>>> print(open('run-v6.cif').read())   # mmCIF, C-alpha atoms
data_run
#
loop_
_atom_site.group_PDB
_atom_site.id
_atom_site.type_symbol
_atom_site.label_atom_id
_atom_site.label_comp_id
_atom_site.auth_asym_id
_atom_site.auth_seq_id
_atom_site.Cartn_x
_atom_site.Cartn_y
_atom_site.Cartn_z
ATOM 1 C CA MET A 1 46.154 -45.507 130.730
ATOM 2 C CA SER A 2 44.562 -48.622 132.176
ATOM 3 C CA ALA A 3 40.816 -49.075 131.989
ATOM 4 C CA SER A 4 40.423 -48.558 135.750
ATOM 5 C CA VAL A 5 42.055 -45.121 135.762
ATOM 6 C CA LYS A 6 39.561 -42.324 135.263
ATOM 7 C CA PRO A 7 40.422 -39.261 133.178
ATOM 8 C CA ILE A 8 41.151 -36.117 135.169
ATOM 9 C CA ALA A 9 37.837 -34.552 134.134
ATOM 10 C CA ASN A 10 36.012 -37.212 136.145
ATOM 11 C CA THR A 11 38.145 -37.250 139.275
ATOM 12 C CA ARG A 12 39.457 -33.759 139.922
ATOM 13 C CA SER A 13 37.501 -30.948 141.557
ATOM 14 C CA GLY A 14 40.035 -28.154 142.129
ATOM 15 C CA THR A 15 37.436 -25.362 142.042
ATOM 16 C CA GLY A 16 34.828 -27.114 144.142
ATOM 17 C CA ILE A 17 32.994 -28.065 140.960
ATOM 18 C CA PRO A 18 33.661 -31.439 139.291
ATOM 19 C CA THR A 19 35.889 -30.663 136.319
ATOM 20 C CA ALA A 20 33.505 -32.184 133.770
ATOM 21 C CA ARG A 21 30.761 -29.814 134.903
ATOM 22 C CA LEU A 22 33.230 -26.944 135.023
ATOM 23 C CA ILE A 23 34.164 -27.566 131.381
ATOM 24 C CA THR A 24 30.480 -27.633 130.455
ATOM 25 C CA TRP A 25 29.975 -24.216 132.056
ATOM 26 C CA TRP A 26 32.929 -22.851 130.069
ATOM 27 C CA VAL A 27 31.431 -24.231 126.855
ATOM 28 C CA ILE A 28 28.121 -22.564 127.717
ATOM 29 C CA ALA A 29 29.914 -19.277 128.530
ATOM 30 C CA SER A 30 31.573 -19.288 125.097
ATOM 31 C CA GLU A 31 28.268 -20.180 123.448
ATOM 32 C CA ILE A 32 26.653 -17.164 125.141
ATOM 33 C CA VAL A 33 29.103 -14.921 123.288
ATOM 34 C CA ILE A 34 28.553 -16.744 119.974
ATOM 35 C CA PHE A 35 24.746 -16.777 120.046
ATOM 36 C CA GLY A 36 24.547 -13.501 121.989
ATOM 37 C CA GLY A 37 26.656 -11.745 119.355
ATOM 38 C CA LEU A 38 24.507 -13.117 116.548
ATOM 39 C CA LEU A 39 21.251 -12.239 118.313
ATOM 40 C CA ALA A 40 22.508 -8.729 119.167
ATOM 41 C CA SER A 41 23.520 -8.227 115.513
ATOM 42 C CA TYR A 42 20.106 -9.403 114.357
ATOM 43 C CA ILE A 43 18.259 -7.136 116.818
ATOM 44 C CA MET A 44 20.188 -4.008 115.818
ATOM 45 C CA HIS A 45 19.711 -4.742 112.096
ATOM 46 C CA ARG A 46 16.033 -5.557 112.615
ATOM 47 C CA ILE A 47 15.465 -2.218 114.380
ATOM 48 C CA GLY A 48 17.389 -0.443 111.621
ATOM 49 C CA HIS A 49 15.326 -2.121 108.900
ATOM 50 C CA PRO A 50 11.600 -1.994 109.735
ATOM 51 C CA GLU A 51 10.883 -3.306 106.225
ATOM 52 C CA TRP A 52 12.195 -6.705 107.343
ATOM 53 C CA ALA A 53 8.779 -7.146 108.998
ATOM 54 C CA ASP A 54 7.427 -8.106 105.556
ATOM 55 C CA SER A 55 9.918 -10.980 105.364
ATOM 56 C CA ALA A 56 9.344 -12.007 108.988
ATOM 57 C CA ALA A 57 5.616 -12.293 108.248
ATOM 58 C CA HIS A 58 6.387 -15.372 106.120
ATOM 59 C CA THR A 59 7.730 -17.459 109.023
ATOM 60 C CA ASN A 60 5.327 -20.048 110.414
ATOM 61 C CA THR A 61 4.440 -19.076 114.010
ATOM 62 C CA TRP A 62 2.657 -22.374 114.677
ATOM 63 C CA ALA A 63 5.685 -24.424 113.597
ATOM 64 C CA GLY A 64 7.914 -22.265 115.783
ATOM 65 C CA ALA A 65 5.531 -22.615 118.740
ATOM 66 C CA PHE A 66 5.331 -26.393 118.280
ATOM 67 C CA ASN A 67 9.128 -26.618 118.198
ATOM 68 C CA THR A 68 9.321 -24.506 121.377
ATOM 69 C CA PHE A 69 6.955 -26.974 123.050
ATOM 70 C CA VAL A 70 9.078 -29.890 121.829
ATOM 71 C CA LEU A 71 12.300 -28.371 123.182
ATOM 72 C CA LEU A 72 10.723 -27.451 126.534
ATOM 73 C CA THR A 73 9.467 -31.022 126.871
ATOM 74 C CA SER A 74 12.849 -32.467 125.914
ATOM 75 C CA SER A 75 14.442 -30.219 128.563
ATOM 76 C CA LEU A 76 12.032 -31.735 131.095
ATOM 77 C CA PHE A 77 13.217 -35.226 130.099
ATOM 78 C CA ALA A 78 16.859 -34.092 130.387
ATOM 79 C CA VAL A 79 16.454 -32.771 133.908
ATOM 80 C CA LEU A 80 14.477 -35.885 134.935
ATOM 81 C CA ALA A 81 17.410 -37.918 133.591
ATOM 82 C CA HIS A 82 19.709 -35.882 135.853
ATOM 83 C CA LYS A 83 17.412 -36.665 138.795
ATOM 84 C CA ALA A 84 17.482 -40.376 137.929
ATOM 85 C CA ALA A 85 21.298 -40.281 137.677
ATOM 86 C CA ASP A 86 21.474 -38.652 141.123
ATOM 87 C CA ALA A 87 19.423 -41.602 142.377
ATOM 88 C CA HIS A 88 21.980 -43.954 140.711
ATOM 89 C CA ASP A 89 19.280 -45.261 138.379
ATOM 90 C CA GLY A 90 21.342 -45.424 135.176
ATOM 91 C CA PRO A 91 18.828 -47.356 133.024
ATOM 92 C CA LYS A 92 16.069 -44.830 133.789
ATOM 93 C CA ALA A 93 18.445 -41.930 133.065
ATOM 94 C CA ALA A 94 19.384 -43.569 129.745
ATOM 95 C CA LYS A 95 15.722 -43.994 128.778
ATOM 96 C CA LEU A 96 15.011 -40.340 129.565
ATOM 97 C CA LEU A 97 18.092 -39.196 127.630
ATOM 98 C CA ARG A 98 16.891 -41.152 124.593
ATOM 99 C CA LEU A 99 13.499 -39.457 124.893
ATOM 100 C CA THR A 100 15.315 -36.114 125.043
ATOM 101 C CA SER A 101 17.181 -37.049 121.898
ATOM 102 C CA LEU A 102 13.898 -38.013 120.233
ATOM 103 C CA GLY A 103 12.654 -34.503 121.023
ATOM 104 C CA GLY A 104 15.705 -33.131 119.216
ATOM 105 C CA LEU A 105 14.918 -35.322 116.208
ATOM 106 C CA ILE A 106 11.298 -34.101 116.068
ATOM 107 C CA PHE A 107 12.565 -30.522 116.320
ATOM 108 C CA LEU A 108 14.932 -31.022 113.365
ATOM 109 C CA ILE A 109 12.268 -32.723 111.230
ATOM 110 C CA VAL A 110 9.858 -29.809 111.781
ATOM 111 C CA LYS A 111 12.670 -27.364 111.036
ATOM 112 C CA GLY A 112 13.466 -29.311 107.855
ATOM 113 C CA PHE A 113 9.850 -29.020 106.663
ATOM 114 C CA GLU A 114 9.915 -25.297 107.456
ATOM 115 C CA TRP A 115 13.122 -24.697 105.510
ATOM 116 C CA THR A 116 11.766 -26.711 102.562
ATOM 117 C CA ALA A 117 8.578 -24.639 102.483
ATOM 118 C CA ASP A 118 10.549 -21.375 102.741
ATOM 119 C CA ILE A 119 12.919 -22.353 99.922
ATOM 120 C CA ARG A 120 10.020 -23.500 97.688
ATOM 121 C CA GLU A 121 8.448 -20.065 98.183
ATOM 122 C CA GLY A 122 11.714 -18.529 96.947
ATOM 123 C CA PHE A 123 13.094 -17.362 100.280
ATOM 124 C CA VAL A 124 16.733 -18.385 100.152
ATOM 125 C CA LEU A 125 19.940 -17.146 101.757
ATOM 126 C CA SER A 126 20.362 -14.439 99.124
ATOM 127 C CA SER A 127 16.779 -13.152 99.407
ATOM 128 C CA GLY A 128 17.686 -10.353 101.815
ATOM 129 C CA GLY A 129 19.066 -9.495 105.228
ATOM 130 C CA PHE A 130 16.258 -11.086 107.220
ATOM 131 C CA TRP A 131 16.624 -14.421 105.470
ATOM 132 C CA GLN A 132 20.418 -14.381 105.896
ATOM 133 C CA PHE A 133 19.966 -14.003 109.655
ATOM 134 C CA TYR A 134 17.072 -16.503 109.688
ATOM 135 C CA TYR A 135 19.044 -19.295 108.028
ATOM 136 C CA THR A 136 22.251 -18.512 109.955
ATOM 137 C CA LEU A 137 20.556 -18.409 113.366
ATOM 138 C CA THR A 138 18.273 -21.417 112.903
ATOM 139 C CA GLY A 139 20.999 -23.366 111.062
ATOM 140 C CA LEU A 140 23.604 -22.818 113.782
ATOM 141 C CA HIS A 141 21.032 -23.657 116.438
ATOM 142 C CA GLY A 142 20.024 -26.788 114.506
ATOM 143 C CA LEU A 143 23.662 -27.918 114.396
ATOM 144 C CA HIS A 144 23.813 -27.530 118.186
ATOM 145 C CA VAL A 145 20.658 -29.625 118.519
ATOM 146 C CA LEU A 146 22.191 -32.322 116.292
ATOM 147 C CA ALA A 147 25.471 -32.322 118.248
ATOM 148 C CA GLY A 148 23.561 -32.534 121.532
ATOM 149 C CA MET A 149 21.514 -35.493 120.270
ATOM 150 C CA ILE A 150 24.628 -37.446 119.242
ATOM 151 C CA ILE A 151 26.462 -36.777 122.523
ATOM 152 C CA MET A 152 23.307 -37.615 124.465
ATOM 153 C CA LEU A 153 22.981 -41.017 122.802
ATOM 154 C CA VAL A 154 26.632 -41.789 123.634
ATOM 155 C CA VAL A 155 26.095 -40.729 127.268
ATOM 156 C CA ALA A 156 22.877 -42.786 127.378
ATOM 157 C CA SER A 157 24.668 -45.952 126.238
ATOM 158 C CA ASP A 158 27.071 -45.661 129.206
ATOM 159 C CA ALA A 159 24.351 -44.604 131.625
ATOM 160 C CA ALA A 160 22.311 -47.697 130.731
ATOM 161 C CA LYS A 161 25.176 -49.727 132.235
ATOM 162 C CA ASN A 162 25.302 -47.423 135.280
ATOM 163 C CA GLN A 163 28.604 -46.001 134.057
ATOM 164 C CA GLU A 164 29.764 -42.346 133.914
ATOM 165 C CA LEU A 165 26.510 -41.058 135.378
ATOM 166 C CA GLN A 166 28.087 -37.640 136.080
ATOM 167 C CA ARG A 167 27.931 -37.010 132.320
ATOM 168 C CA VAL A 168 24.121 -37.049 132.419
ATOM 169 C CA GLU A 169 24.043 -33.699 134.220
ATOM 170 C CA CYS A 170 26.678 -32.189 131.889
ATOM 171 C CA ILE A 171 24.845 -33.015 128.658
ATOM 172 C CA GLY A 172 21.641 -31.846 130.351
ATOM 173 C CA LEU A 173 23.200 -28.427 131.073
ATOM 174 C CA TYR A 174 24.199 -28.109 127.417
ATOM 175 C CA TRP A 175 20.705 -29.120 126.279
ATOM 176 C CA HIS A 176 18.998 -26.587 128.558
ATOM 177 C CA PHE A 177 21.242 -23.880 127.120
ATOM 178 C CA VAL A 178 20.235 -24.870 123.576
ATOM 179 C CA ASP A 179 16.619 -24.653 124.793
ATOM 180 C CA ILE A 180 17.213 -21.122 126.174
ATOM 181 C CA VAL A 181 18.688 -19.998 122.842
ATOM 182 C CA TRP A 182 15.513 -21.175 121.093
ATOM 183 C CA ILE A 183 13.362 -19.435 123.720
ATOM 184 C CA PHE A 184 14.842 -16.156 122.383
ATOM 185 C CA LEU A 185 14.933 -17.165 118.709
ATOM 186 C CA PHE A 186 11.210 -17.950 118.716
ATOM 187 C CA PRO A 187 9.939 -14.415 119.516
ATOM 188 C CA LEU A 188 12.666 -12.749 117.436
ATOM 189 C CA LEU A 189 12.028 -14.719 114.243
ATOM 190 C CA TYR A 190 8.423 -15.876 114.556
ATOM 191 C CA ILE A 191 6.519 -13.308 116.646
ATOM 192 C CA ALA A 192 8.122 -9.849 116.206
ATOM 193 C CA ARG A 193 6.699 -8.668 112.880
ATOM 194 C CA MET B 194 31.667 -43.102 138.959
ATOM 195 C CA ALA B 195 28.354 -41.989 140.360
ATOM 196 C CA THR B 196 27.125 -38.475 139.898
ATOM 197 C CA GLU B 197 27.629 -36.000 142.729
ATOM 198 C CA ALA B 198 24.165 -35.170 144.019
ATOM 199 C CA HIS B 199 24.340 -31.443 144.824
ATOM 200 C CA VAL B 200 20.779 -30.531 143.974
ATOM 201 C CA GLN B 201 17.466 -30.675 145.805
ATOM 202 C CA HIS B 202 15.246 -31.591 142.885
ATOM 203 C CA PRO B 203 12.054 -29.508 142.698
ATOM 204 C CA ASN B 204 8.808 -30.591 140.997
ATOM 205 C CA TYR B 205 10.075 -30.417 137.416
ATOM 206 C CA VAL B 206 6.745 -31.329 135.822
ATOM 207 C CA LYS B 207 5.120 -28.326 137.528
ATOM 208 C CA ILE B 208 7.852 -26.017 136.185
ATOM 209 C CA TRP B 209 7.426 -27.508 132.709
ATOM 210 C CA GLY B 210 3.674 -26.800 133.002
ATOM 211 C CA ILE B 211 4.385 -23.147 133.844
ATOM 212 C CA LEU B 212 6.741 -22.917 130.845
ATOM 213 C CA VAL B 213 4.073 -24.322 128.507
ATOM 214 C CA VAL B 214 1.474 -21.853 129.860
ATOM 215 C CA LEU B 215 3.959 -19.017 129.225
ATOM 216 C CA LEU B 216 4.454 -20.310 125.676
ATOM 217 C CA VAL B 217 0.683 -20.190 125.106
ATOM 218 C CA VAL B 218 0.609 -16.639 126.529
ATOM 219 C CA SER B 219 3.336 -15.511 124.119
ATOM 220 C CA VAL B 220 1.523 -17.015 121.101
ATOM 221 C CA LEU B 221 -1.860 -15.563 122.120
ATOM 222 C CA GLY B 222 -0.228 -12.178 122.833
ATOM 223 C CA SER B 223 1.268 -12.134 119.348
ATOM 224 C CA MET B 224 -2.236 -12.505 117.859
ATOM 225 C CA THR B 225 -3.462 -9.233 119.375
ATOM 226 C CA HIS B 226 -1.336 -7.239 116.886
ATOM 227 C CA ILE B 227 -1.103 -4.485 119.538
ATOM 228 C CA ARG B 228 2.554 -3.479 119.468
ATOM 229 C CA ASN B 229 3.174 -3.191 123.222
ATOM 230 C CA VAL B 230 1.235 -6.360 124.025
ATOM 231 C CA VAL B 231 3.155 -8.277 121.364
ATOM 232 C CA LEU B 232 6.497 -6.996 122.656
ATOM 233 C CA ILE B 233 5.713 -7.901 126.276
ATOM 234 C CA ALA B 234 4.198 -11.259 125.301
ATOM 235 C CA ALA B 235 7.182 -12.084 123.117
ATOM 236 C CA PHE B 236 10.253 -10.763 124.903
ATOM 237 C CA GLY B 237 9.019 -10.299 128.494
ATOM 238 C CA VAL B 238 7.755 -13.877 128.546
ATOM 239 C CA ALA B 239 10.973 -15.109 126.876
ATOM 240 C CA VAL B 240 13.072 -13.581 129.663
ATOM 241 C CA VAL B 241 10.860 -15.212 132.318
ATOM 242 C CA LYS B 242 11.026 -18.588 130.544
ATOM 243 C CA ALA B 243 14.820 -18.385 130.218
ATOM 244 C CA TYR B 244 15.099 -17.511 133.930
ATOM 245 C CA LEU B 245 12.894 -20.457 134.917
ATOM 246 C CA VAL B 246 14.982 -22.880 132.820
ATOM 247 C CA ALA B 247 18.304 -21.487 134.120
ATOM 248 C CA LYS B 248 17.134 -21.516 137.751
ATOM 249 C CA ASN B 249 15.243 -24.790 137.920
ATOM 250 C CA PHE B 250 16.675 -27.008 135.162
ATOM 251 C CA MET B 251 20.289 -25.734 135.110
ATOM 252 C CA HIS B 252 20.385 -24.942 138.857
ATOM 253 C CA VAL B 253 22.455 -21.814 138.221
ATOM 254 C CA THR B 254 21.323 -20.192 141.470
ATOM 255 C CA ILE B 255 22.759 -22.973 143.641
ATOM 256 C CA GLU B 256 25.969 -23.401 141.615
ATOM 257 C CA LYS B 257 29.263 -21.997 142.952
ATOM 258 C CA ARG B 258 28.954 -18.221 142.920
ATOM 259 C CA TRP B 259 31.544 -17.603 140.224
ATOM 260 C CA VAL B 260 29.594 -19.662 137.660
ATOM 261 C CA PRO B 261 26.783 -17.078 137.417
ATOM 262 C CA TYR B 262 29.484 -14.378 137.495
ATOM 263 C CA LEU B 263 31.163 -16.032 134.494
ATOM 264 C CA LEU B 264 27.867 -16.179 132.589
ATOM 265 C CA ILE B 265 27.041 -12.548 133.450
ATOM 266 C CA VAL B 266 30.482 -11.377 132.250
ATOM 267 C CA CYS B 267 29.865 -13.121 128.905
ATOM 268 C CA LEU B 268 26.443 -11.441 128.677
ATOM 269 C CA LEU B 269 28.157 -8.101 129.370
ATOM 270 C CA PHE B 270 30.464 -8.731 126.395
ATOM 271 C CA VAL B 271 27.334 -9.028 124.248
ATOM 272 C CA VAL B 272 25.930 -5.790 125.701
ATOM 273 C CA ILE B 273 29.256 -4.011 124.964
ATOM 274 C CA LEU B 274 29.122 -5.300 121.375
ATOM 275 C CA PHE B 275 25.573 -4.008 121.002
ATOM 276 C CA ALA B 276 26.368 -0.617 122.570
ATOM 277 C CA GLY B 277 29.459 -0.159 120.410
ATOM 278 C CA VAL B 278 28.024 -1.159 117.047
ATOM 279 C CA SER B 279 24.300 -0.414 117.203
ATOM 280 C CA PRO B 280 24.489 3.383 116.616
ATOM 281 C CA ASP B 281 26.052 2.774 113.190
ATOM 282 C CA VAL B 282 23.701 -0.070 112.293
ATOM 283 C CA MET B 283 20.392 1.225 113.637
ATOM 284 C CA LYS B 284 20.747 4.821 112.409
ATOM 285 C CA HIS B 285 21.330 5.590 108.764
ATOM 286 C CA SER B 286 22.266 9.253 109.205
ATOM 287 C CA GLY B 287 23.436 11.679 111.872
ATOM 288 C CA LEU B 288 24.443 15.294 112.383
ATOM 289 C CA HIS B 289 27.427 15.221 110.019
ATOM 290 C CA TRP B 290 27.163 11.849 108.337
ATOM 291 C CA SER B 291 24.884 9.625 106.332
ATOM 292 C CA ASN B 292 25.009 6.043 105.123
ATOM 293 C CA PRO B 293 23.166 5.959 101.773
ATOM 294 C CA SER B 294 24.029 2.308 101.146
ATOM 295 C CA ALA B 295 21.901 1.320 104.161
ATOM 296 C CA ASN B 296 18.801 2.618 102.393
ATOM 297 C CA ALA B 297 19.722 1.094 99.026
ATOM 298 C CA PRO B 298 17.706 -1.961 97.950
ATOM 299 C CA ALA B 299 19.254 -5.318 98.806
ATOM 300 C CA GLN B 300 21.605 -6.580 96.127
ATOM 301 C CA PRO B 301 20.984 -10.085 94.770
ATOM 302 C CA GLY B 302 23.481 -12.802 95.623
ATOM 303 C CA ALA B 303 26.404 -13.604 93.334
ATOM 304 C CA ALA B 304 24.597 -16.561 91.751
ATOM 305 C CA ALA B 305 21.486 -14.498 91.009
ATOM 306 C CA ALA B 306 23.584 -11.697 89.479
ATOM 307 C CA HIS B 307 24.881 -14.070 86.806
ATOM 308 C CA GLU B 308 21.454 -15.287 85.754
#
>>> encode(input="run-v6.cif", output="structure tokens")
Amino acid sequence: MSASVKPIANTRSGTGIPTARLITWWVIASEIVIFGGLLASYIMHRIGHPEWADSAAHTNTWAGAFNTFVLLTSSLFAVLAHKAADAHDGPKAAKLLRLTSLGGLIFLIVKGFEWTADIREGFVLSSGGFWQFYYTLTGLHGLHVLAGMIIMLVVASDAAKNQELQRVECIGLYWHFVDIVWIFLFPLLYIAR
Amino acid sequence: MATEAHVQHPNYVKIWGILVVLLVVSVLGSMTHIRNVVLIAAFGVAVVKAYLVAKNFMHVTIEKRWVPYLLIVCLLFVVILFAGVSPDVMKHSGLHWSNPSANAPAQPGAAAAHE
């Protein structure tokens, strides 16, 4: 394929939605089942085991709240990047995407400190049902944050040259979904005790 | 290729401000330690926040109609999972059955068992 020929995901719009965005929606739909299934499993186990409240009391609400603030702010940067891309301002979109990625990095650093503190207190994966769900849910979510950051930096490097600006919206959609997952993880793991 | 502008961009900073206020409400609500207040502050506010992000940041409401349908169908799968499995998980006994292992203390992990 020559350099001037665009892949089909960038040029075709058979459903009325650009195919790249369509694929993103399908990814999000599958992620709803993955995270939704895990969250539903956690909720039913949590209701069945009121004693898990003792374990949940050890999570750090302030760290969770700070991370929620960080993700909400990074989502703001992501949607502002989309707006800049719509205005064909690639360099501004790239700058905003890098700020979004920085938000992801701050989130992971805080999460790393939290995990370290939990493990030092003796709360590990084998410490009980609550902690198994806690590490699985936050770990899987953290991997999604990491993946989003990497993809976002790749998209930003193209956007800075005013190339492939349609990708800015797609990675933004993914990032907002990751934000929504955390919006539900925060009350489930940090507030409901 | 330039992006296809299909969105009238609202005031995103204002929406972000509302989301942050809702976050503060959920944290303050959790400090009351009154069960119903905590539940509403935690989960009611979470639903509102998720709706605001989906509507204003993801623009779900102005996307082609079948996109929200697709997302709702996937959410229904989750509801079906919950409805099908939760009776066995949330209840530890019934009219003609009981699950004694559910009330047993948690077993240590394999590594701990060898110590």
>>> resolve_selection(input="run-v6.cif", expression="the PyMOL selection byres ((chain B) within 8 of (chain A))", output="number ranges by chain")
B: 194-198, 202, 205-206, 209, 212-213, 216, 220, 223, 231-232, 235-236, 239-240, 242-243, 246-247, 250-251, 257, 260, 263-264, 267-268, 270-272, 274-275, 279, 282-285, 299-302
>>> closest_residue(input="run-v6.cif", among="A:Phe133, A:Leu97, A:Ile109, A:Pro50", to="A:Asp158", atoms="only C-alpha atoms")
A:Leu97
>>> closest_residue(input="run-v6.cif", among="A:Gly103, A:Val27, A:Ala160, A:Thr59", to="A:Ala117", atoms="all atoms listed in the file")
A:Thr59
>>> residues_around(input="run-v6.cif", residues="B:Leu215", least_positions_apart="4", cutoff="7 Å", atoms="all atoms listed in the file", output="JSON, numbers by chain")
{"B": [211, 219, 238]}
>>> atom_distance(input="run-v6.cif", atom1="atom CA of A:Leu153", atom2="atom CA of A:Ala94")
8.2 Å
>>> axis_aligned_box(input="run-v6.cif", around="stretch 23-35 of chain A", padding_each_side="5 Å", output="lines of an AutoDock Vina configuration file")
center_x = 29.5
center_y = -21.3
center_z = 126.0
size_x = 19.4
size_y = 22.7
size_z = 22.1
>>> residues_near_point(input="run-v6.cif", point="(19.5, -36.9, 117.2)", cutoff="7 Å", atoms="only C-alpha atoms", output="VMD selection string")
chain A and resid 101 to 102 104 to 105 146 149 to 150
>>> build_atoms(input="run-v6.cif", residues="stretch 222-242 of chain B", atoms="N, CA and C atoms", output="mmCIF file, keeping the file's coordinate frame")
data_model
loop_
_atom_site.group_PDB
_atom_site.id
_atom_site.type_symbol
_atom_site.label_atom_id
_atom_site.label_comp_id
_atom_site.auth_asym_id
_atom_site.auth_seq_id
_atom_site.Cartn_x
_atom_site.Cartn_y
_atom_site.Cartn_z
ATOM 1 N N GLY B 222 -0.577 -13.605 122.814
ATOM 2 C CA GLY B 222 -0.228 -12.178 122.833
ATOM 3 C C GLY B 222 0.153 -11.680 121.458
ATOM 4 N N SER B 223 0.829 -12.549 120.690
ATOM 5 C CA SER B 223 1.268 -12.134 119.348
ATOM 6 C C SER B 223 0.079 -11.948 118.407
ATOM 7 N N MET B 224 -1.062 -12.600 118.736
ATOM 8 C CA MET B 224 -2.236 -12.505 117.859
ATOM 9 C C MET B 224 -3.009 -11.206 118.055
ATOM 10 N N THR B 225 -2.719 -10.476 119.124
ATOM 11 C CA THR B 225 -3.462 -9.233 119.375
ATOM 12 C C THR B 225 -3.078 -8.143 118.378
ATOM 13 N N HIS B 226 -1.852 -8.240 117.834
ATOM 14 C CA HIS B 226 -1.336 -7.239 116.886
ATOM 15 C C HIS B 226 -1.267 -5.837 117.504
ATOM 16 N N ILE B 227 -1.330 -5.770 118.845
ATOM 17 C CA ILE B 227 -1.103 -4.485 119.538
ATOM 18 C C ILE B 227 0.375 -4.464 119.918
ATOM 19 N N ARG B 228 1.091 -3.466 119.416
ATOM 20 C CA ARG B 228 2.554 -3.479 119.468
ATOM 21 C C ARG B 228 3.103 -3.778 120.873
ATOM 22 N N ASN B 229 2.623 -3.017 121.871
ATOM 23 C CA ASN B 229 3.174 -3.191 123.222
ATOM 24 C C ASN B 229 2.842 -4.556 123.806
ATOM 25 N N VAL B 230 1.629 -5.032 123.522
ATOM 26 C CA VAL B 230 1.235 -6.360 124.025
ATOM 27 C C VAL B 230 2.108 -7.437 123.380
ATOM 28 N N VAL B 231 2.330 -7.289 122.072
ATOM 29 C CA VAL B 231 3.155 -8.277 121.364
ATOM 30 C C VAL B 231 4.574 -8.284 121.928
ATOM 31 N N LEU B 232 5.118 -7.081 122.157
ATOM 32 C CA LEU B 232 6.497 -6.996 122.656
ATOM 33 C C LEU B 232 6.629 -7.632 124.044
ATOM 34 N N ILE B 233 5.658 -7.334 124.917
ATOM 35 C CA ILE B 233 5.713 -7.901 126.276
ATOM 36 C C ILE B 233 5.495 -9.409 126.211
ATOM 37 N N ALA B 234 4.502 -9.831 125.409
ATOM 38 C CA ALA B 234 4.198 -11.259 125.301
ATOM 39 C C ALA B 234 5.381 -12.015 124.706
ATOM 40 N N ALA B 235 6.080 -11.389 123.780
ATOM 41 C CA ALA B 235 7.182 -12.084 123.117
ATOM 42 C C ALA B 235 8.446 -12.054 123.968
ATOM 43 N N PHE B 236 8.928 -10.860 124.279
ATOM 44 C CA PHE B 236 10.253 -10.763 124.903
ATOM 45 C C PHE B 236 10.197 -10.815 126.428
ATOM 46 N N GLY B 237 9.152 -10.200 127.042
ATOM 47 C CA GLY B 237 9.019 -10.299 128.494
ATOM 48 C C GLY B 237 8.854 -11.750 128.910
ATOM 49 N N VAL B 238 7.990 -12.469 128.214
ATOM 50 C CA VAL B 238 7.755 -13.877 128.546
ATOM 51 C C VAL B 238 9.010 -14.710 128.261
ATOM 52 N N ALA B 239 9.750 -14.359 127.196
ATOM 53 C CA ALA B 239 10.973 -15.109 126.876
ATOM 54 C C ALA B 239 11.993 -14.983 128.006
ATOM 55 N N VAL B 240 12.119 -13.785 128.557
ATOM 56 C CA VAL B 240 13.072 -13.581 129.663
ATOM 57 C C VAL B 240 12.651 -14.419 130.874
ATOM 58 N N VAL B 241 11.355 -14.424 131.173
ATOM 59 C CA VAL B 241 10.860 -15.212 132.318
ATOM 60 C C VAL B 241 11.100 -16.704 132.073
ATOM 61 N N LYS B 242 10.812 -17.160 130.857
ATOM 62 C CA LYS B 242 11.026 -18.588 130.544
ATOM 63 C C LYS B 242 12.501 -18.958 130.678
#
